[in-house]
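model-v1.pdb (PDB, C-alpha atoms, pLDDT in the B column)
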```
MODEL        1
ATOM      1  CA  MET B   3     -55.510 -58.638   0.013  1.00 43.00           C
ATOM      2  CA  LYS B   4     -56.242 -54.922   0.191  1.00 52.00           C
ATOM      3  CA  VAL B   5     -55.614 -53.048  -3.074  1.00 52.00           C
ATOM      4  CA  VAL B   6     -53.545 -49.902  -2.507  1.00 60.00           C
ATOM      5  CA  GLU B   7     -52.937 -47.281  -5.186  1.00 73.00           C
ATOM      6  CA  LEU B   8     -49.185 -47.020  -5.645  1.00 81.00           C
ATOM      7  CA  LEU B   9     -48.281 -43.354  -5.547  1.00 86.00           C
ATOM      8  CA  ASN B  10     -44.910 -41.810  -4.736  1.00 90.00           C
ATOM      9  CA  GLY B  11     -44.866 -40.860  -1.089  1.00 92.00           C
ATOM     10  CA  ILE B  12     -47.288 -43.566   0.008  1.00 92.00           C
ATOM     11  CA  GLY B  13     -46.565 -44.673   3.564  1.00 94.00           C
ATOM     12  CA  ALA B  14     -44.294 -47.708   3.412  1.00 94.00           C
ATOM     13  CA  GLY B  15     -46.406 -49.227   6.170  1.00 91.00           C
ATOM     14  CA  GLN B  16     -49.360 -49.277   3.757  1.00 92.00           C
ATOM     15  CA  LEU B  17     -47.491 -51.728   1.535  1.00 93.00           C
ATOM     16  CA  GLN B  18     -48.490 -54.612   3.790  1.00 87.00           C
ATOM     17  CA  ASP B  19     -47.348 -57.462   1.545  1.00 89.00           C
ATOM     18  CA  ALA B  20     -43.983 -55.871   0.726  1.00 94.00           C
ATOM     19  CA  ARG B  21     -40.906 -57.879   1.631  1.00 96.00           C
ATOM     20  CA  TRP B  22     -38.196 -55.295   2.130  1.00 95.00           C
ATOM     21  CA  VAL B  23     -34.595 -56.082   1.196  1.00 94.00           C
ATOM     22  CA  LYS B  24     -31.589 -54.174   2.531  1.00 88.00           C
ATOM     23  CA  ALA B  25     -28.175 -54.248   0.861  1.00 80.00           C
ATOM     24  CA  ARG B  26     -25.633 -56.494   2.558  1.00 79.00           C
ATOM     25  CA  ALA B  27     -23.257 -53.511   2.488  1.00 74.00           C
ATOM     26  CA  SER B  28     -25.515 -51.671   4.946  1.00 74.00           C
ATOM     27  CA  ASP B  29     -23.590 -50.311   7.912  1.00 69.00           C
ATOM     28  CA  GLY B  30     -25.881 -51.854  10.540  1.00 68.00           C
ATOM     29  CA  LEU B  31     -26.944 -48.416  11.806  1.00 70.00           C
ATOM     30  CA  ASN B  32     -30.011 -48.230   9.566  1.00 66.00           C
ATOM     31  CA  GLU B  33     -28.096 -45.967   7.171  1.00 74.00           C
ATOM     32  CA  CYS B  34     -29.493 -47.616   4.095  1.00 86.00           C
ATOM     33  CA  VAL B  35     -32.425 -47.782   1.755  1.00 89.00           C
ATOM     34  CA  GLU B  36     -34.538 -50.873   1.276  1.00 94.00           C
ATOM     35  CA  LEU B  37     -36.318 -52.144  -1.828  1.00 96.00           C
ATOM     36  CA  ALA B  38     -39.442 -54.260  -2.238  1.00 97.00           C
ATOM     37  CA  GLU B  39     -41.359 -55.621  -5.189  1.00 96.00           C
ATOM     38  CA  VAL B  40     -44.908 -54.294  -5.181  1.00 94.00           C
ATOM     39  CA  GLY B  41     -46.812 -55.668  -8.116  1.00 91.00           C
ATOM     40  CA  GLU B  42     -44.977 -54.697 -11.293  1.00 92.00           C
ATOM     41  CA  SER B  43     -43.158 -51.841  -9.514  1.00 94.00           C
ATOM     42  CA  ILE B  44     -40.296 -51.446  -7.062  1.00 96.00           C
ATOM     43  CA  ALA B  45     -40.740 -49.485  -3.837  1.00 97.00           C
ATOM     44  CA  MET B  46     -37.859 -47.821  -1.999  1.00 95.00           C
ATOM     45  CA  ARG B  47     -37.889 -46.665   1.627  1.00 94.00           C
ATOM     46  CA  ASN B  48     -35.440 -45.195   4.102  1.00 91.00           C
ATOM     47  CA  SER B  49     -34.497 -47.864   6.625  1.00 88.00           C
ATOM     48  CA  ARG B  50     -34.393 -45.217   9.386  1.00 87.00           C
ATOM     49  CA  ASP B  51     -38.104 -44.536   8.811  1.00 91.00           C
ATOM     50  CA  PRO B  52     -39.722 -47.859   7.877  1.00 91.00           C
ATOM     51  CA  GLU B  53     -43.256 -46.467   8.151  1.00 94.00           C
ATOM     52  CA  GLY B  54     -42.370 -43.264   6.291  1.00 95.00           C
ATOM     53  CA  PRO B  55     -42.839 -42.442   2.619  1.00 96.00           C
ATOM     54  CA  ALA B  56     -41.920 -44.868  -0.121  1.00 96.00           C
ATOM     55  CA  LEU B  57     -40.885 -43.953  -3.632  1.00 96.00           C
ATOM     56  CA  ILE B  58     -42.347 -46.120  -6.378  1.00 95.00           C
ATOM     57  CA  PHE B  59     -40.331 -46.879  -9.520  1.00 96.00           C
ATOM     58  CA  THR B  60     -40.870 -48.920 -12.641  1.00 95.00           C
ATOM     59  CA  ARG B  61     -38.326 -51.654 -13.183  1.00 96.00           C
ATOM     60  CA  SER B  62     -36.852 -49.738 -16.131  1.00 96.00           C
ATOM     61  CA  GLU B  63     -36.454 -46.573 -14.015  1.00 96.00           C
ATOM     62  CA  LEU B  64     -34.609 -48.505 -11.328  1.00 95.00           C
ATOM     63  CA  ALA B  65     -32.486 -50.296 -13.938  1.00 96.00           C
ATOM     64  CA  ALA B  66     -31.453 -46.929 -15.414  1.00 97.00           C
ATOM     65  CA  PHE B  67     -30.462 -45.690 -11.945  1.00 94.00           C
ATOM     66  CA  VAL B  68     -28.454 -48.825 -11.145  1.00 94.00           C
ATOM     67  CA  ASN B  69     -26.725 -48.582 -14.520  1.00 97.00           C
ATOM     68  CA  GLY B  70     -25.740 -44.953 -13.884  1.00 96.00           C
ATOM     69  CA  ALA B  71     -24.624 -45.711 -10.336  1.00 92.00           C
ATOM     70  CA  SER B  72     -22.477 -48.618 -11.504  1.00 94.00           C
ATOM     71  CA  LYS B  73     -20.740 -46.237 -13.937  1.00 96.00           C
ATOM     72  CA  GLY B  74     -20.007 -43.699 -11.186  1.00 95.00           C
ATOM     73  CA  GLU B  75     -22.426 -41.072 -12.486  1.00 96.00           C
ATOM     74  CA  PHE B  76     -23.574 -40.199  -8.956  1.00 93.00           C
ATOM     75  CA  ASP B  77     -20.269 -40.530  -7.102  1.00 93.00           C
ATOM     76  CA  ALA B  78     -19.971 -36.767  -6.519  1.00 94.00           C
ATOM     77  CA  MET B  79     -23.216 -36.905  -4.504  1.00 92.00           C
ATOM     78  CA  THR B  80     -21.979 -39.540  -2.076  1.00 80.00           C
ATOM     79  CA  VAL B  81     -18.881 -37.770  -0.806  1.00 67.00           C
TER      80      VAL B  81
ENDMDL
END
```

Give the structure from this file in structure tokens form.
Amino acid sequence: MKVVELLNGIGAGQLQDARWVKARASDGLNECVELAEVGESIAMRNSRDPEGPALIFTRSELAAFVNGASKGEFDAMTV
């Protein structure tokens, strides 16, 4: 397996062993983000650009985001 340095903005296509997961609530038009475990981190990519840049998060960073989203803290940004 090729070792790739995990930096924000890395091409998602470079994460060769990543198994991307899309939310079941996705609209079917590739209007979604996808997540993948990459080592101890979580990568996120835009499903419309699967070879484009990926953002890399620690599990605690992603947990904090999910917690805030579940409490509606970002609702004003999705209207």

Let me have the centre and edge lengths of the axis-aligned box enclosing all listed atoms of region 54-70 of chain B with 6 Å padding on every side, in Å to one decimal, as JSON.
```
{"center_x": -34.3, "center_y": -47.0, "center_z": -4.9, "size_x": 29.1, "size_y": 21.2, "size_z": 34.4}
```

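Going from CA of Asp19 (chain B) to CA of Pro55 (chain B) covers 15.7 Å.
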
Q.
Given the PyMOL selection byres ((chain B and resi 46-49) around 8) and the file above, list the residues it selects as a VMD selection string.
A. chain B and resid 14 32 to 38 44 to 45 50 to 52 54 to 59

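Atom pair CA of Glu39 (chain B) / CA of Ala78 (chain B) has a distance of 28.5 Å (rounded to one decimal).
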
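CA of Leu64 (chain B) lies 13.3 Å from CA of Val40 (chain B).
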
Q | Ref. answer, residues at most 10 Å from (-50.0, -49.2, 5.4) with all atoms listed in the file, as a PyMOL selection string | A | chain B and resi 4+6+12-19+53-54

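Among B:Ser28, B:Ser43, B:Arg21, B:Ser62, the residue with the shortest atom-to-atom distance to Glu7 (chain B), counting all atoms listed in the file, is B:Ser43.
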
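Using only C-alpha atoms, the smallest distance between any of B:Arg26, B:Leu8, B:Gly70, B:Glu63 and Gly41 (chain B) comes from B:Leu8.
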
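Minimum distance to Glu42 (chain B) across B:Ala27, B:Arg61, B:Phe67, B:Trp22 (counting all atoms listed in the file) occurs at B:Arg61.
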